[in-house]
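Chemist: If you scroll down you'll find the structure; I have some questions about it.
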Amino acid sequence: MSMINALKLRRSIYSLNKNLPVSEAEVKKLIEQVTELVPDAFNMKSARVIAAFGEQQNKLWDEIYNVFSGKVAREKIDSFKAAAGTVLYFIDNEVVKGLQEKFAAYAANFPIWANQANGMLQFSVWSALRELNIGANIQHYNPVIDNKVKELFDVPESWSLTAQMPFGGIVKEPEAKEPEDISKRVKFFD
C-alpha cells in the first residue's frame, strides 16, 4: 500500500469490536516491527510500548473507569473496552536523561525529540494497523490514569504514559471527511 493511501485510510475509528481480521500474533509482530523501525533523534530509542489483549484489555478499561470515579461516561469507556486490545505508549525518561547528560549542549531538546518520536510511533502503528484492516483511535487519559496503569502492568517508574490506542475489528467506518482548503496551512515559495 502506498503511503498516501495509508494516510487516507488511517482515521479515528470508534466503533470497534474484539474480532480482529488477523491473528493476535500478527498484531504483536507488527507492533514490534514498527517500534523498531520508527526513527528517533540520536537513535535514543526512548519509546516504550505495552499492548493489552483479552482479559487485560477489559481490566485496563474497567480500571480507567474506576480511576475517574464515574466522571467519564461508562458508555464511552465501554466503547474502548469493546476493542480487541489497547496499545499504551510511554517515554522512558531514564533514556532521555542519559542523553541529556551525555550531550549537554542539546539537553533541552531531548524531551522534545522523545515526544516527536513517540508521536511518529503512534501514527505509524495506527497506519500499519489500518493496513491490516484494523481500526483504532487515540486517547489521552493520562496523567489521571498513570498510577493505575503502572500498577496493572508493573511499569518502571521512569516510564511516562503519553497515549492509549484502543484497536480492533471495524464495526462501522467513519463518515467521509470533507476536503479542506490546504492552501491555508501549506505555502510554497519558488
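Residue numbers start at 1 in each chain; chains themselves are named A, B, ... in the order of the C-alpha cells; ligands are numbered from 1 in the order shown.
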Within 12 Å of Phe68 (chain A), counting only C-alpha atoms, which residues qualify if same-chain residues fewer than 5 places away don't, as JSON, numbers by chain?

Modeler: {"A": [61, 62, 63, 73, 74, 77, 141, 142, 143, 144, 145, 146, 148]}

Chemist: Would you mind listing what lies within 6 Å of region 20-23 of chain A as a list in words, with only C-alpha atoms counted and same-chain residues fewer than 2 positions away left out?

Modeler: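 Counting only C-alpha atoms, the residues come to Ala25, Glu26, Gly168 and Gly169 of chain A.
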
Chemist: Mind checking which residues fall within 12 Å of Gln100 (chain A), counting only C-alpha atoms, ignoring those fewer than 3 positions away in the same chain, and posting them as an mmCIF file with C-alpha atoms, in the first residue's frame?

Modeler:
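result34.cif written:
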```
data_model
loop_
_atom_site.group_PDB
_atom_site.id
_atom_site.type_symbol
_atom_site.label_atom_id
_atom_site.label_comp_id
_atom_site.auth_asym_id
_atom_site.auth_seq_id
_atom_site.Cartn_x
_atom_site.Cartn_y
_atom_site.Cartn_z
ATOM 1 C CA PHE A 42 20.328 10.388 18.316
ATOM 2 C CA MET A 44 17.815 7.269 21.608
ATOM 3 C CA ASN A 93 12.761 9.272 30.927
ATOM 4 C CA GLU A 94 15.933 7.498 32.064
ATOM 5 C CA VAL A 95 16.979 7.197 28.420
ATOM 6 C CA VAL A 96 16.204 10.873 27.840
ATOM 7 C CA LYS A 97 18.085 11.902 30.980
ATOM 8 C CA PHE A 103 25.127 15.700 25.126
ATOM 9 C CA ALA A 104 24.630 18.708 27.413
ATOM 10 C CA ALA A 105 24.514 21.202 24.527
ATOM 11 C CA TYR A 106 21.279 19.557 23.350
ATOM 12 C CA ALA A 107 19.836 18.770 26.815
ATOM 13 C CA ALA A 108 16.714 20.915 26.432
ATOM 14 C CA ASN A 109 15.841 19.257 23.125
ATOM 15 C CA PHE A 110 15.854 15.594 24.174
ATOM 16 C CA PRO A 111 12.395 15.662 25.819
ATOM 17 C CA ILE A 112 11.022 17.380 22.709
ATOM 18 C CA TRP A 113 12.656 14.838 20.411
ATOM 19 C CA ALA A 114 11.394 11.959 22.563
#
```

Chemist: Skipping near chain neighbours, those fewer than 3 positions away, what residues fall within 7 Å of Pro166 (chain A) using only C-alpha atoms, listed as a PDB file with C-alpha atoms, in the first residue's frame?

Modeler:
```
ATOM      1  CA  PHE A  80     -12.817   1.356  24.225  1.00  0.00           C
ATOM      2  CA  ALA A  83     -11.905  -3.257  21.268  1.00  0.00           C
ATOM      3  CA  GLY A  85      -6.699  -4.527  22.555  1.00  0.00           C
ATOM      4  CA  THR A  86      -5.041  -1.294  23.567  1.00  0.00           C
ATOM      5  CA  VAL A  87      -1.538  -0.079  22.831  1.00  0.00           C
ATOM      6  CA  ALA A 136      -8.004   2.364  16.060  1.00  0.00           C
ATOM      7  CA  ASN A 137      -8.306   5.680  17.836  1.00  0.00           C
ATOM      8  CA  ILE A 138      -6.038   7.588  20.186  1.00  0.00           C
TER       9      ILE A 138
END
```

Chemist: Using only C-alpha atoms, which protein or nucleic acid residues come within 9 Å of region 170-184 of chain A? Drop anything in the same chain fewer than 5 positions from it, and give the result as a list in words.

Modeler: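 That gives Arg11, Ser12, Ile13, Tyr14, Ser15, Leu16, Asn17, Asn19, Leu20, Asn133, Ile134, Gly135 and Ala136 of chain A.
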
Chemist: What does the structure give for the distance between CA of Lys59 (chain A) and CA of Leu9 (chain A), in Å to one decimal?

Modeler: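 Atom-to-atom, CA of Lys59 (chain A) to CA of Leu9 (chain A), that is 29.6 Å.
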
Chemist: Here is a test: counting only C-alpha atoms, which residue of A:Val125, A:Val72, A:Met120, A:Ile64 is nearest to Ala51 (chain A)?

Modeler: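 So, comparing all the options, the nearest one is A:Val125.
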
Chemist: Looking at A:Ala52, A:Val186, A:Leu37, A:Leu99, which one is nearest to Ser124 (chain A), with distances taken over only C-alpha atoms?

Modeler: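 Of A:Ala52, A:Val186, A:Leu37, A:Leu99, the one nearest Ser124 (chain A) is A:Leu37, counting only C-alpha atoms.
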
Chemist: Which residue is closest to Gln57 (chain A)? Choose from A:Leu132, A:Ala82, A:Met3, A:Ala41 and count only C-alpha atoms.

Modeler: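 Ranked by minimum distance to Gln57 (chain A), first place goes to A:Ala82.
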